[in-house]
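Everything below belongs to entry05.cif, which stores mmCIF, C-alpha atoms.
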```
data_work
loop_
_atom_site.label_atom_id
_atom_site.label_comp_id
_atom_site.auth_asym_id
_atom_site.auth_seq_id
_atom_site.Cartn_x
_atom_site.Cartn_y
_atom_site.Cartn_z
CA ARG N 1 0.00 0.00 0.00
CA TYR N 2 2.81 2.42 0.87
CA GLU N 3 4.25 2.21 -2.64
CA GLY N 4 0.79 3.01 -3.99
CA LEU N 5 0.54 6.03 -1.70
CA PHE N 6 3.92 7.31 -2.85
CA ASP N 7 2.83 6.85 -6.47
CA MET N 8 -0.41 8.72 -5.73
CA VAL N 9 1.45 11.67 -4.19
CA SER N 10 3.92 11.78 -7.08
CA GLY N 11 1.06 11.70 -9.57
CA LEU N 12 -0.73 14.51 -7.76
CA THR N 13 2.40 16.67 -7.89
CA ALA N 14 2.71 16.10 -11.62
CA LYS N 15 -0.98 16.90 -12.23
CA ILE N 16 -0.78 20.11 -10.20
CA ASP N 17 2.32 21.17 -12.18
CA ASP N 18 0.49 20.39 -15.47
CA ALA N 19 -2.55 22.37 -14.38
CA GLU N 20 -0.35 25.33 -13.42
CA VAL N 21 1.27 25.34 -16.87
CA LEU N 22 -2.12 25.10 -18.60
CA LEU N 23 -3.49 28.00 -16.55
CA GLN N 24 -0.45 30.14 -17.43
CA LEU N 25 -1.00 29.36 -21.13
CA ALA N 26 -4.67 30.18 -20.81
CA ASP N 27 -3.94 33.51 -19.14
CA GLU N 28 -1.26 34.50 -21.65
CA ALA N 29 -3.10 33.42 -24.80
CA GLY N 30 -6.72 33.71 -23.67
CA ASP N 31 -7.04 30.00 -24.47
CA ASP N 32 -10.39 28.75 -23.14
CA VAL N 33 -9.57 25.14 -24.11
CA ALA N 34 -6.41 25.20 -21.98
CA ARG N 35 -8.34 26.75 -19.10
CA LYS N 36 -11.00 24.02 -19.33
CA GLU N 37 -8.32 21.31 -19.35
CA ALA N 38 -6.66 22.88 -16.31
CA LEU N 39 -9.95 22.96 -14.39
CA GLU N 40 -10.64 19.32 -15.27
CA GLU N 41 -7.14 18.40 -14.09
CA LEU N 42 -7.69 20.25 -10.79
CA ALA N 43 -11.07 18.54 -10.28
CA GLU N 44 -9.34 15.17 -10.65
CA VAL N 45 -6.64 16.31 -8.20
CA SER N 46 -9.32 17.33 -5.69
CA SER N 47 -10.95 13.89 -5.91
CA GLU N 48 -7.61 12.14 -5.39
CA LEU N 49 -6.80 14.41 -2.45
CA ASP N 50 -10.08 13.34 -0.81
CA ALA N 51 -9.02 9.70 -1.23
CA LEU N 52 -5.58 10.51 0.20
CA GLU N 53 -7.16 12.24 3.20
CA LEU N 54 -9.26 9.12 3.87
CA GLU N 55 -6.08 7.02 3.82
CA SER N 56 -4.58 9.29 6.48
CA LEU N 57 -7.49 8.60 8.84
CA TYR N 58 -6.38 4.99 9.32
CA PHE N 59 -3.60 5.49 11.83
CA ASP N 60 -4.46 3.37 14.87
CA GLU N 61 -2.45 0.36 16.02
CA TYR N 62 -4.86 -2.30 14.74
CA ASP N 63 -6.60 -0.48 11.88
CA GLU N 64 -5.04 -2.84 9.33
CA SER N 65 -6.21 -5.96 11.19
CA ASP N 66 -9.06 -8.27 10.33
CA ALA N 67 -12.04 -7.92 12.66
CA ILE N 68 -14.57 -9.83 14.72
CA LEU N 69 -18.00 -8.19 14.83
CA SER N 70 -20.79 -9.33 17.16
CA VAL N 71 -24.37 -8.12 17.43
CA HIS N 72 -26.37 -8.71 20.63
CA ALA N 73 -30.03 -7.95 21.29
CA GLY N 74 -30.50 -5.59 24.22
CA ALA N 75 -33.49 -4.26 26.11
CA GLY N 76 -36.81 -4.50 24.30
CA GLY N 77 -37.76 -8.19 24.13
CA VAL N 78 -38.81 -9.52 20.75
CA ASP N 79 -38.45 -6.03 19.21
CA ALA N 80 -34.80 -5.94 20.29
CA GLN N 81 -34.18 -9.38 18.83
CA ASP N 82 -35.76 -8.30 15.56
CA TRP N 83 -33.59 -5.15 15.67
CA ALA N 84 -30.46 -7.26 16.21
CA GLU N 85 -31.35 -9.28 13.12
CA MET N 86 -31.86 -6.07 11.12
CA LEU N 87 -28.41 -4.86 12.21
CA ALA N 88 -26.81 -8.19 11.31
CA ARG N 89 -28.37 -7.96 7.86
CA MET N 90 -27.17 -4.33 7.52
CA TYR N 91 -23.60 -5.35 8.26
CA GLN N 92 -23.72 -8.29 5.87
CA ARG N 93 -24.89 -5.95 3.09
CA PHE N 94 -22.22 -3.37 3.96
CA LEU N 95 -19.43 -5.96 4.09
CA SER N 96 -20.42 -7.50 0.76
CA ASP N 97 -20.81 -4.13 -0.97
CA SER N 98 -17.46 -2.90 0.42
CA GLY N 99 -15.43 -5.89 -0.78
CA PHE N 100 -14.88 -7.55 2.59
CA THR N 101 -15.25 -11.27 3.08
CA TYR N 102 -16.90 -12.59 6.21
CA THR N 103 -17.68 -15.85 7.96
CA VAL N 104 -20.73 -16.32 10.15
CA GLU N 105 -19.26 -17.84 13.31
CA GLU N 106 -22.58 -18.19 15.13
CA VAL N 107 -26.20 -17.12 15.10
CA THR N 108 -28.47 -17.61 18.11
CA GLU N 109 -32.09 -17.23 17.10
CA GLY N 110 -34.75 -15.53 19.22
CA GLU N 111 -37.68 -17.45 20.68
CA GLU N 112 -40.34 -15.64 18.64
CA ALA N 113 -38.47 -13.67 15.98
CA GLY N 114 -35.10 -12.16 15.20
CA ILE N 115 -31.86 -13.19 16.84
CA LYS N 116 -30.27 -12.97 20.26
CA SER N 117 -26.76 -12.71 18.81
CA ALA N 118 -24.61 -13.13 15.73
CA THR N 119 -20.85 -13.11 15.28
CA PHE N 120 -18.90 -12.50 12.07
CA SER N 121 -15.21 -12.86 11.32
CA VAL N 122 -14.31 -10.20 8.75
CA LYS N 123 -11.29 -10.19 6.45
CA GLY N 124 -10.20 -7.42 4.14
CA ASP N 125 -8.27 -4.19 3.78
CA ARG N 126 -8.47 -2.23 7.08
CA ALA N 127 -11.42 -4.28 8.32
CA TYR N 128 -11.04 -3.28 11.95
CA GLY N 129 -10.31 0.37 11.20
CA THR N 130 -13.49 0.54 9.14
CA LEU N 131 -15.79 -1.37 11.50
CA GLU N 132 -14.60 0.23 14.74
CA ALA N 133 -17.13 3.01 14.01
CA GLU N 134 -19.93 0.56 14.79
CA ARG N 135 -18.89 -0.41 18.32
CA GLY N 136 -21.49 0.58 20.89
CA VAL N 137 -25.24 0.63 21.46
CA HIS N 138 -27.61 1.19 18.53
CA ARG N 139 -31.13 2.50 19.24
CA LEU N 140 -34.19 1.93 17.05
CA VAL N 141 -37.48 3.86 17.33
CA ARG N 142 -40.41 2.53 15.28
CA ILE N 143 -44.00 1.31 15.31
CA SER N 144 -43.57 -2.23 16.58
CA PRO N 145 -44.72 -4.94 14.15
CA PHE N 146 -45.19 -7.15 17.22
CA ASP N 147 -47.56 -4.79 19.03
CA SER N 148 -51.24 -5.42 18.23
CA GLN N 149 -52.00 -1.81 19.20
CA ALA N 150 -49.34 -0.47 16.79
CA ARG N 151 -47.56 1.58 19.44
CA ARG N 152 -44.13 3.12 19.06
CA HIS N 153 -41.34 1.11 20.69
CA THR N 154 -37.68 1.80 21.41
CA SER N 155 -35.27 -1.11 21.05
CA PHE N 156 -31.56 -1.47 21.70
CA ALA N 157 -28.83 -3.72 20.34
CA GLY N 158 -25.14 -3.78 21.20
CA VAL N 159 -22.34 -4.14 18.66
CA VAL N 160 -18.89 -5.35 19.71
CA VAL N 161 -15.99 -4.96 17.28
CA VAL N 162 -12.47 -6.16 18.09
CA PRO N 163 -9.38 -6.72 15.96
CA ASP N 164 -8.91 -10.37 15.06
CA LEU N 165 -5.40 -10.71 16.44
CA GLY N 166 -4.94 -14.45 15.91
CA ASP N 167 -1.65 -15.57 17.43
CA GLN N 168 -0.81 -11.95 18.34
CA ALA N 169 -3.44 -12.00 21.09
CA LYS N 170 -1.05 -12.94 23.86
CA VAL N 171 -3.58 -13.17 26.68
CA GLU N 172 -3.18 -15.80 29.34
CA ILE N 173 -6.51 -17.40 30.23
CA ASP N 174 -6.98 -19.53 33.32
CA GLU N 175 -9.06 -22.59 32.45
CA ASP N 176 -10.70 -22.29 35.88
CA ASP N 177 -12.13 -18.95 34.77
CA LEU N 178 -14.05 -20.56 31.91
CA ARG N 179 -17.44 -22.20 31.66
CA ILE N 180 -17.68 -24.21 28.44
CA ASP N 181 -21.07 -25.39 27.17
CA THR N 182 -21.92 -27.34 24.06
CA TYR N 183 -25.23 -27.16 22.25
CA ARG N 184 -26.88 -28.01 18.97
CA SER N 185 -26.64 -25.37 16.29
CA GLN N 186 -29.95 -23.62 15.59
CA GLY N 187 -29.24 -22.90 11.97
CA ALA N 188 -26.69 -22.75 9.21
CA GLY N 189 -23.52 -21.41 10.69
CA GLY N 190 -21.65 -21.95 7.45
CA GLN N 191 -21.95 -24.39 4.58
CA HIS N 192 -23.86 -26.94 6.61
CA VAL N 193 -26.26 -27.38 9.49
CA ASN N 194 -24.79 -29.12 12.53
CA THR N 195 -26.60 -32.31 13.44
CA THR N 196 -24.66 -32.97 16.65
CA ASP N 197 -23.98 -30.89 19.75
CA SER N 198 -20.84 -29.46 18.20
CA ALA N 199 -21.53 -25.75 18.78
CA VAL N 200 -19.52 -24.28 21.65
CA ARG N 201 -20.25 -21.42 24.05
CA ILE N 202 -17.45 -20.15 26.30
CA THR N 203 -18.13 -17.82 29.21
CA HIS N 204 -15.18 -15.97 30.72
CA ILE N 205 -16.48 -15.67 34.27
CA PRO N 206 -14.33 -12.76 35.58
CA SER N 207 -15.23 -10.43 32.69
CA GLY N 208 -18.65 -11.84 31.80
CA ILE N 209 -17.62 -12.07 28.13
CA VAL N 210 -19.47 -14.81 26.25
CA VAL N 211 -18.32 -16.10 22.86
CA GLN N 212 -19.87 -18.76 20.68
CA CYS N 213 -18.90 -20.65 17.56
CA GLN N 214 -20.95 -23.07 15.49
CA ASN N 215 -19.38 -22.62 12.06
CA GLU N 216 -16.81 -25.42 12.19
CA ARG N 217 -17.63 -29.08 11.64
CA SER N 218 -16.35 -30.45 14.91
CA GLN N 219 -16.71 -29.49 18.54
CA LEU N 220 -12.92 -29.32 18.85
CA GLN N 221 -12.64 -26.87 15.94
CA ASN N 222 -15.48 -24.73 17.29
CA LYS N 223 -13.83 -24.63 20.73
CA ALA N 224 -10.49 -23.59 19.21
CA ARG N 225 -12.12 -20.81 17.19
CA ALA N 226 -14.18 -19.64 20.19
CA MET N 227 -11.00 -19.48 22.29
CA ALA N 228 -9.30 -17.39 19.59
CA ILE N 229 -12.26 -14.98 19.55
CA LEU N 230 -12.19 -14.80 23.36
CA GLN N 231 -8.49 -13.98 23.35
CA SER N 232 -9.05 -11.16 20.86
CA ARG N 233 -11.97 -9.84 22.95
CA LEU N 234 -9.87 -9.87 26.14
CA ALA N 235 -6.89 -8.25 24.42
CA GLU N 236 -9.06 -5.44 23.10
CA ARG N 237 -10.71 -5.03 26.51
CA ALA N 238 -7.27 -4.60 28.10
CA ARG N 239 -6.29 -2.05 25.43
CA GLN N 240 -9.50 -0.07 25.99
CA GLU N 241 -8.89 -0.08 29.75
CA ARG N 242 -5.37 1.27 29.23
CA GLN N 243 -6.69 4.03 26.97
CA ALA N 244 -9.45 4.92 29.44
CA HIS N 245 -6.88 5.12 32.25
CA LEU N 246 -4.68 7.47 30.20
CA GLN N 247 -7.69 9.65 29.39
CA GLU N 248 -8.59 9.77 33.07
CA LEU N 249 -5.05 10.82 33.99
CA ARG N 250 -5.31 13.64 31.43
CA GLY N 251 -8.77 14.58 32.67
CA ASP N 252 -10.17 13.72 29.25
CA GLN N 253 -13.35 11.69 29.59
CA GLY N 254 -13.90 11.76 25.82
CA GLU N 255 -15.47 8.57 24.56
CA ALA N 256 -17.09 6.77 27.46
CA ALA N 257 -16.73 3.12 28.34
CA TRP N 258 -18.35 0.19 26.54
CA GLY N 259 -22.08 0.11 26.28
CA ARG N 260 -22.40 3.74 25.24
CA GLN N 261 -25.24 4.64 22.87
CA ILE N 262 -23.67 5.76 19.62
CA ARG N 263 -26.42 5.97 17.00
CA SER N 264 -30.18 6.38 16.75
CA TYR N 265 -32.32 5.05 13.92
CA VAL N 266 -35.76 6.66 13.94
CA LEU N 267 -38.52 5.30 11.67
CA GLN N 268 -41.46 6.96 13.47
CA PRO N 269 -42.70 9.70 13.77
CA TYR N 270 -40.08 10.90 11.26
CA GLN N 271 -37.16 9.18 9.51
CA MET N 272 -33.56 9.87 10.45
CA VAL N 273 -30.33 8.11 11.36
CA LYS N 274 -28.03 10.19 13.55
CA ASP N 275 -24.64 9.38 15.03
CA LEU N 276 -24.47 10.89 18.49
CA ARG N 277 -20.67 11.23 18.47
CA THR N 278 -20.04 12.83 15.11
CA GLU N 279 -23.45 14.50 14.54
CA HIS N 280 -23.46 12.88 11.08
CA GLU N 281 -27.03 12.17 10.02
CA GLY N 282 -29.17 11.15 7.10
CA GLY N 283 -32.85 10.83 6.24
CA ASN N 284 -32.59 7.71 4.10
CA VAL N 285 -32.97 5.20 6.92
CA GLN N 286 -33.75 2.32 4.58
CA GLY N 287 -30.60 3.01 2.59
CA VAL N 288 -28.53 2.80 5.78
CA LEU N 289 -30.27 -0.41 6.84
CA ASP N 290 -29.46 -1.77 3.37
CA GLY N 291 -25.76 -1.23 4.09
CA ASP N 292 -25.02 2.37 3.10
CA LEU N 293 -22.74 3.04 6.07
CA MET N 294 -19.63 4.59 4.55
CA GLY N 295 -20.70 8.16 5.33
CA PHE N 296 -20.98 7.25 9.00
CA VAL N 297 -17.65 5.40 8.90
CA GLU N 298 -15.80 8.36 7.35
CA ALA N 299 -17.39 10.81 9.80
CA TYR N 300 -16.28 8.58 12.69
CA LEU N 301 -12.72 8.33 11.37
CA ARG N 302 -12.48 12.14 11.13
CA TRP N 303 -13.97 12.49 14.63
CA ARG N 304 -11.47 9.93 15.96
CA ARG N 305 -8.59 11.80 14.31
CA ALA N 306 -9.72 15.06 15.94
CA LEU N 307 -9.92 13.35 19.36
CA HIS N 308 -6.46 11.90 18.86
CA GLU N 309 -4.98 15.25 17.89
CA ALA N 310 -6.68 16.96 20.83
CA GLY N 311 -5.34 14.28 23.17
CA THR N 312 -1.85 14.60 21.72
CA ASP N 313 -1.93 18.38 22.15
CA SER N 314 -3.01 18.09 25.79
CA ALA N 315 -0.59 15.31 26.70
#
```

Transcribe the structure of this file into structure tokens.
Amino acid sequence: RYEGLFDMVSGLTAKIDDAEVLLQLADEAGDDVARKEALEELAEVSSELDALELESLYFDEYDESDAILSVHAGAGGVDAQDWAEMLARMYQRFLSDSGFTYTVEEVTEGEEAGIKSATFSVKGDRAYGTLEAERGVHRLVRISPFDSQARRHTSFAGVVVVPDLGDQAKVEIDEDDLRIDTYRSQGAGGQHVNTTDSAVRITHIPSGIVVQCQNERSQLQNKARAMAILQSRLAERARQERQAHLQELRGDQGEAAWGRQIRSYVLQPYQMVKDLRTEHEGGNVQGVLDGDLMGFVEAYLRWRRALHEAGTDSA
């Protein structure tokens, strides 16, 4: 990528020089064709500068890493479980449209509708840096399809995003701190439907973190993958705690701890999606739910950069 960035910068320099020459010719000779060519060249430069700026927003330690994304239904009963399923679908659309590849590690269905949880392993260019924007609590306001009186309901779902660190996640886990349960898969976790109790759920008792895997064909494989996800979750938790401690020492409360509401999706009485951190918003709620998230991602990356620079200045 770095070679590509150098090439991009070199190309921009050459285009700016060309545009400058064309503008000088246009001014000296009154050449409207040269002026038009110069303006077209500068418009292209502006577009490439926007792309270069976006590249600069990926600066964090794990931005280049693959990611593990989990969706969990929160308060709101069957509405929350339906909302969790809507979010899972939104992310699948976004990942597919953005060129990422993903594996469904587990899906736990709700009793009446929707899902209780879903976990995806995501691979691709800057997967974690892109998806980090989604970490937090997502709030939905709508007329409930499950309410016979058609009343407006508010539902919540939590999204956890951590870098998939693989062997880099050097976290020691005491086996005595784990509760390991096996169960029968409720649906297609991958290319097949499990017919034995091969799905694995691991609860890390001290932290309360629960991870599940049902995608692999054997219980042993599912346990190994669940342990890898748990290690990545614990490593990211430790990193967040270190960052929070540093912010506290600086007196910067900034982004609060996990569980913070980050975005509201309102379908009734009006339609709007608004990110509560960046103030980025849009009225096309259905478009967002169909995976049009990049505007929110870019706004988050710029907001994160501003926080970083403010923290650096105050350090």

May I have the protein, DNA and RNA residues with an atom at most 9 Å from (-12.2, -3.7, 12.8), counting all atoms listed in the file in the file's coordinates, returned as an MDAnalysis selection string? chainID N and resid 62:69 122 126:133 161:164

Could you jot down the CA of Ser10 (chain N) to CA of Tyr58 (chain N) separation for me, Å, one decimal place?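 Separation between CA of Ser10 (chain N) and CA of Tyr58 (chain N): 20.5 Å.
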
Go ahead and compute the interatomic distance for CA of Gly74 (chain N) and CA of Lys116 (chain N), in Å to one decimal. 8.4 Å

Find the spatial neighbours of Gln92 (chain N), counting all atoms listed in the file, within a cut-off of 10 Å - ignore same-chain residues fewer than 4 positions away - and output them as a list in words.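 Within the cut-off, the hits are Met86, Leu87, Ala88, Ser96, Asp97, Ser98, Phe100, Thr101, Tyr102, Thr103, Val104, Phe120, Asp290 and Gly291 of chain N.
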
Using only C-alpha atoms, pick whichever of N:Gly295, N:Gly110, N:Pro206, N:Gly287 has the shortest atom-to-atom distance to Met90 (chain N).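 Closest to Met90 (chain N) of all the choices is N:Gly287.
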
I need every residue sitting at most 10 Å from the point (-8.0, -11.4, 24.6) (coordinates as in the file, only C-alpha atoms considered), written as a PDB file with C-alpha atoms, in the coordinates of the input.
```pdb
ATOM      1  CA  VAL N 162     -12.470  -6.160  18.090  1.00  0.00           C
ATOM      2  CA  PRO N 163      -9.380  -6.720  15.960  1.00  0.00           C
ATOM      3  CA  ASP N 164      -8.910 -10.370  15.060  1.00  0.00           C
ATOM      4  CA  LEU N 165      -5.400 -10.710  16.440  1.00  0.00           C
ATOM      5  CA  GLY N 166      -4.940 -14.450  15.910  1.00  0.00           C
ATOM      6  CA  GLN N 168      -0.810 -11.950  18.340  1.00  0.00           C
ATOM      7  CA  ALA N 169      -3.440 -12.000  21.090  1.00  0.00           C
ATOM      8  CA  LYS N 170      -1.050 -12.940  23.860  1.00  0.00           C
ATOM      9  CA  VAL N 171      -3.580 -13.170  26.680  1.00  0.00           C
ATOM     10  CA  GLU N 172      -3.180 -15.800  29.340  1.00  0.00           C
ATOM     11  CA  ILE N 173      -6.510 -17.400  30.230  1.00  0.00           C
ATOM     12  CA  MET N 227     -11.000 -19.480  22.290  1.00  0.00           C
ATOM     13  CA  ALA N 228      -9.300 -17.390  19.590  1.00  0.00           C
ATOM     14  CA  ILE N 229     -12.260 -14.980  19.550  1.00  0.00           C
ATOM     15  CA  LEU N 230     -12.190 -14.800  23.360  1.00  0.00           C
ATOM     16  CA  GLN N 231      -8.490 -13.980  23.350  1.00  0.00           C
ATOM     17  CA  SER N 232      -9.050 -11.160  20.860  1.00  0.00           C
ATOM     18  CA  ARG N 233     -11.970  -9.840  22.950  1.00  0.00           C
ATOM     19  CA  LEU N 234      -9.870  -9.870  26.140  1.00  0.00           C
ATOM     20  CA  ALA N 235      -6.890  -8.250  24.420  1.00  0.00           C
ATOM     21  CA  GLU N 236      -9.060  -5.440  23.100  1.00  0.00           C
ATOM     22  CA  ARG N 237     -10.710  -5.030  26.510  1.00  0.00           C
ATOM     23  CA  ALA N 238      -7.270  -4.600  28.100  1.00  0.00           C
ATOM     24  CA  ARG N 239      -6.290  -2.050  25.430  1.00  0.00           C
TER      25      ARG N 239
END
```

Taking the file above as input, evaluate the PyMOL selection byres ((chain N and resi 39-52) around 7) and report the hits as a CSV table (one decimal) with C-alpha atoms, in the frame of the given file.
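To be explicit, this is the file written out as result-v2.csv:
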```csv
chain,number,residue,atom,x,y,z
N,12,LEU,CA,-0.7,14.5,-7.8
N,15,LYS,CA,-1.0,16.9,-12.2
N,16,ILE,CA,-0.8,20.1,-10.2
N,19,ALA,CA,-2.6,22.4,-14.4
N,35,ARG,CA,-8.3,26.8,-19.1
N,36,LYS,CA,-11.0,24.0,-19.3
N,37,GLU,CA,-8.3,21.3,-19.4
N,38,ALA,CA,-6.7,22.9,-16.3
N,53,GLU,CA,-7.2,12.2,3.2
N,54,LEU,CA,-9.3,9.1,3.9
N,55,GLU,CA,-6.1,7.0,3.8
N,56,SER,CA,-4.6,9.3,6.5
```

Picked residues, the PyMOL selection byres ((chain N and resi 286) around 10), as an MDAnalysis selection string: chainID N and resid 90 265 267 271:273 283:285 287:292

Would you pick out the contacts of Gly99 (chain N) at 9 Å or less, using all atoms listed in the file, so that residues sharing its chain but fewer than 3 positions from it are not included, and give the list as a ChimeraX atom specification? /N:94-96,124-125

Keeping only C-alpha atoms, write those residues as a PDB file, in the frame of the given file.
```pdb
ATOM      1  CA  PHE N  94     -22.220  -3.370   3.960  1.00  0.00           C
ATOM      2  CA  LEU N  95     -19.430  -5.960   4.090  1.00  0.00           C
ATOM      3  CA  SER N  96     -20.420  -7.500   0.760  1.00  0.00           C
ATOM      4  CA  GLY N 124     -10.200  -7.420   4.140  1.00  0.00           C
ATOM      5  CA  ASP N 125      -8.270  -4.190   3.780  1.00  0.00           C
TER       6      ASP N 125
END
```

Evaluating the PyMOL selection byres ((chain N and resi 139) around 7) on the displayed file yields which residues, as number ranges by chain? N: 137-138, 140-141, 154-157, 263-265

Can I get the selection written as a PDB file, in the coordinates of the input, with C-alpha atoms?
```
ATOM      1  CA  VAL N 137     -25.240   0.630  21.460  1.00  0.00           C
ATOM      2  CA  HIS N 138     -27.610   1.190  18.530  1.00  0.00           C
ATOM      3  CA  LEU N 140     -34.190   1.930  17.050  1.00  0.00           C
ATOM      4  CA  VAL N 141     -37.480   3.860  17.330  1.00  0.00           C
ATOM      5  CA  THR N 154     -37.680   1.800  21.410  1.00  0.00           C
ATOM      6  CA  SER N 155     -35.270  -1.110  21.050  1.00  0.00           C
ATOM      7  CA  PHE N 156     -31.560  -1.470  21.700  1.00  0.00           C
ATOM      8  CA  ALA N 157     -28.830  -3.720  20.340  1.00  0.00           C
ATOM      9  CA  ARG N 263     -26.420   5.970  17.000  1.00  0.00           C
ATOM     10  CA  SER N 264     -30.180   6.380  16.750  1.00  0.00           C
ATOM     11  CA  TYR N 265     -32.320   5.050  13.920  1.00  0.00           C
TER      12      TYR N 265
END
```

Straight-line distance linking CA of Arg152 (chain N) with CA of Arg93 (chain N), stated in Å to one decimal: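 Calculated distance between CA of Arg152 (chain N) and CA of Arg93 (chain N) is 26.6 Å.
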